[in-house]
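What follows is my_file.cif (mmCIF, C-alpha atoms, pLDDT in the B column; chains and numbers go by the auth columns).
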```
data_data
loop_
_atom_site.group_PDB
_atom_site.id
_atom_site.type_symbol
_atom_site.label_atom_id
_atom_site.label_comp_id
_atom_site.label_asym_id
_atom_site.label_seq_id
_atom_site.Cartn_x
_atom_site.Cartn_y
_atom_site.Cartn_z
_atom_site.B_iso_or_equiv
_atom_site.auth_seq_id
_atom_site.auth_asym_id
ATOM 1 C CA MET A 1 185.173 166.615 184.058 82.00 17 A
ATOM 2 C CA ARG A 2 184.084 163.023 184.637 87.00 18 A
ATOM 3 C CA LEU A 3 184.763 162.099 181.020 90.00 19 A
ATOM 4 C CA LYS A 4 188.268 163.539 181.310 92.00 20 A
ATOM 5 C CA ALA A 5 188.903 161.449 184.463 91.00 21 A
ATOM 6 C CA ILE A 6 187.775 158.277 182.682 86.00 22 A
ATOM 7 C CA ASN A 7 190.005 159.153 179.739 90.00 23 A
ATOM 8 C CA VAL A 8 193.034 159.624 182.009 92.00 24 A
ATOM 9 C CA MET A 9 192.318 156.375 183.887 86.00 25 A
ATOM 10 C CA LEU A 10 191.974 154.336 180.690 86.00 26 A
ATOM 11 C CA SER A 11 195.101 155.907 179.226 90.00 27 A
ATOM 12 C CA ALA A 12 197.077 154.992 182.351 87.00 28 A
ATOM 13 C CA LYS A 13 195.823 151.403 182.238 83.00 29 A
ATOM 14 C CA LEU A 14 196.680 151.183 178.542 83.00 30 A
ATOM 15 C CA TYR A 15 200.197 152.484 179.220 86.00 31 A
ATOM 16 C CA GLU A 16 200.624 149.877 181.996 83.00 32 A
ATOM 17 C CA ASP A 17 199.354 147.132 179.627 78.00 33 A
ATOM 18 C CA ARG A 18 196.413 146.410 181.941 79.00 34 A
ATOM 19 C CA ILE A 19 193.570 146.588 179.408 79.00 35 A
ATOM 20 C CA ILE A 20 192.215 143.394 177.911 75.00 36 A
ATOM 21 C CA LEU A 21 189.720 143.520 175.062 75.00 37 A
ATOM 22 C CA LEU A 22 187.205 140.721 174.558 77.00 38 A
ATOM 23 C CA ASP A 23 185.132 140.072 171.441 78.00 39 A
ATOM 24 C CA SER A 24 182.128 138.999 173.464 80.00 40 A
ATOM 25 C CA GLU A 25 181.165 138.421 177.069 83.00 41 A
ATOM 26 C CA ALA A 26 179.003 135.429 176.110 85.00 42 A
ATOM 27 C CA ILE A 27 179.632 132.283 178.137 87.00 43 A
ATOM 28 C CA ASP A 28 177.922 128.898 177.992 88.00 44 A
ATOM 29 C CA PHE A 29 177.003 128.498 181.660 85.00 45 A
ATOM 30 C CA HIS A 30 175.844 130.918 184.353 88.00 46 A
ATOM 31 C CA LYS A 31 177.997 129.331 187.060 90.00 47 A
ATOM 32 C CA THR A 32 180.315 131.605 189.033 90.00 48 A
ATOM 33 C CA LYS A 33 182.952 128.867 189.314 90.00 49 A
ATOM 34 C CA TYR A 34 183.091 128.548 185.511 89.00 50 A
ATOM 35 C CA LEU A 35 183.678 132.286 185.054 87.00 51 A
ATOM 36 C CA GLU A 36 186.163 132.397 187.933 87.00 52 A
ATOM 37 C CA GLU A 37 188.286 129.690 186.277 88.00 53 A
ATOM 38 C CA MET A 38 188.316 131.672 183.032 84.00 54 A
ATOM 39 C CA LEU A 39 189.327 134.902 184.802 85.00 55 A
ATOM 40 C CA GLN A 40 191.831 133.349 187.229 85.00 56 A
ATOM 41 C CA PRO A 41 194.943 134.905 185.601 83.00 57 A
ATOM 42 C CA PHE A 42 193.381 138.368 185.894 79.00 58 A
ATOM 43 C CA LEU A 43 191.810 138.264 189.381 74.00 59 A
ATOM 44 C CA THR A 44 194.807 139.870 191.094 74.00 60 A
ATOM 45 C CA ASP A 45 193.323 143.235 190.100 76.00 61 A
ATOM 46 C CA ARG A 46 189.802 144.650 190.098 78.00 62 A
ATOM 47 C CA LEU A 47 188.088 143.903 186.778 78.00 63 A
ATOM 48 C CA THR A 48 185.488 146.039 185.076 75.00 64 A
ATOM 49 C CA PHE A 49 183.622 144.831 182.018 79.00 65 A
ATOM 50 C CA LEU A 50 182.046 147.354 179.680 73.00 66 A
ATOM 51 C CA THR A 51 179.310 145.484 177.862 76.00 67 A
ATOM 52 C CA SER A 52 176.708 146.256 175.257 74.00 68 A
ATOM 53 C CA PHE A 53 173.297 147.573 176.210 79.00 69 A
ATOM 54 C CA ASP A 54 172.026 143.991 176.288 81.00 70 A
ATOM 55 C CA PRO A 55 174.732 141.968 178.101 82.00 71 A
ATOM 56 C CA ASN A 56 174.786 138.185 178.066 85.00 72 A
ATOM 57 C CA GLU A 57 172.545 136.950 180.892 89.00 73 A
ATOM 58 C CA ASN A 58 174.808 133.985 181.761 89.00 74 A
ATOM 59 C CA PHE A 59 177.783 136.326 182.115 86.00 75 A
ATOM 60 C CA THR A 60 175.862 138.772 184.294 88.00 76 A
ATOM 61 C CA LEU A 61 174.608 136.013 186.608 89.00 77 A
ATOM 62 C CA ALA A 62 178.054 134.421 186.926 88.00 78 A
ATOM 63 C CA ALA A 63 179.845 137.736 187.558 87.00 79 A
ATOM 64 C CA LYS A 64 177.354 138.845 190.193 88.00 80 A
ATOM 65 C CA ASN A 65 179.030 136.764 192.930 86.00 81 A
ATOM 66 C CA LEU A 66 182.653 137.632 192.153 87.00 82 A
ATOM 67 C CA LYS A 67 183.996 140.343 194.442 84.00 83 A
ATOM 68 C CA ASN A 68 186.680 141.684 192.063 81.00 84 A
ATOM 69 C CA VAL A 69 184.393 141.915 189.043 83.00 85 A
ATOM 70 C CA SER A 70 181.840 144.565 188.119 82.00 86 A
ATOM 71 C CA VAL A 71 179.661 144.575 185.023 79.00 87 A
#
```
Please rewrite the model in this file as structure tokens.
Amino acid sequence: MRLKAINVMLSAKLYEDRIILLDSEAIDFHKTKYLEEMLQPFLTDRLTFLTSFDPNENFTLAAKNLKNVSV
């Protein structure tokens, strides 16, 4: 049931052109301000990043303080 709900949600976002795919979540600095500047065009909506099992530590530290971002 949960998998079906995720499938429906992702399909709806894809239909609305609200899915953005990134090659890598790696960033050079672990500063929140640096990541916020990069994500500024997308911060009008809640962002969720699906990462690998070993996400980039700088990205995780920078995203931790942003209220519209979950990793």
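As for atom CA of A:Asp39 and atom CA of A:Ser27, they are spaced 20.3 Å apart.
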Evaluating the PyMOL selection byres ((chain A and resi 44) around 12) on the displayed file yields which residues, as a PDB file with C-alpha atoms, keeping the file's coordinate frame?
```
ATOM      1  CA  SER A  40     182.128 138.999 173.464  1.00 80.00           C
ATOM      2  CA  GLU A  41     181.165 138.421 177.069  1.00 83.00           C
ATOM      3  CA  ALA A  42     179.003 135.429 176.110  1.00 85.00           C
ATOM      4  CA  ILE A  43     179.632 132.283 178.137  1.00 87.00           C
ATOM      5  CA  PHE A  45     177.003 128.498 181.660  1.00 85.00           C
ATOM      6  CA  HIS A  46     175.844 130.918 184.353  1.00 88.00           C
ATOM      7  CA  LYS A  47     177.997 129.331 187.060  1.00 90.00           C
ATOM      8  CA  THR A  48     180.315 131.605 189.033  1.00 90.00           C
ATOM      9  CA  TYR A  50     183.091 128.548 185.511  1.00 89.00           C
ATOM     10  CA  LEU A  51     183.678 132.286 185.054  1.00 87.00           C
ATOM     11  CA  MET A  54     188.316 131.672 183.032  1.00 84.00           C
ATOM     12  CA  ASN A  72     174.786 138.185 178.066  1.00 85.00           C
ATOM     13  CA  GLU A  73     172.545 136.950 180.892  1.00 89.00           C
ATOM     14  CA  ASN A  74     174.808 133.985 181.761  1.00 89.00           C
ATOM     15  CA  PHE A  75     177.783 136.326 182.115  1.00 86.00           C
ATOM     16  CA  THR A  76     175.862 138.772 184.294  1.00 88.00           C
ATOM     17  CA  LEU A  77     174.608 136.013 186.608  1.00 89.00           C
ATOM     18  CA  ALA A  78     178.054 134.421 186.926  1.00 88.00           C
TER      19      ALA A  78
END
```
Task: Residues returned when the PyMOL selection byres ((chain A and resi 35) around 12) runs on this file, as a VMD selection string - done: chain A and resid 25 to 34 36 to 38 58 61 to 66
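Minimum atom-to-atom distances from A:Leu55, A:Leu82, A:Met17, A:Val87 to A:Asp70 were compared using all atoms listed in the file, and the lowest value belongs to A:Val87.
Coordinates place atom CA of A:Lys20 at a distance of 27.0 Å from atom CA of A:Lys83.
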Open item on the list: Just to confirm, what's the straight-line distance from atom CA of A:Arg18 to atom CA of A:Val85 in Å (one decimal)?
Closed with: 21.6 Å
Padding of 6 Å on every side, edges along x, y and z, all listed atoms of stretch 45-53 of chain A included: what centre and edge lengths in Å, to one decimal, does that box have, as lines of an AutoDock Vina configuration file?
```
center_x = 182.1
center_y = 130.4
center_z = 185.5
size_x = 24.4
size_y = 15.9
size_z = 19.7
```
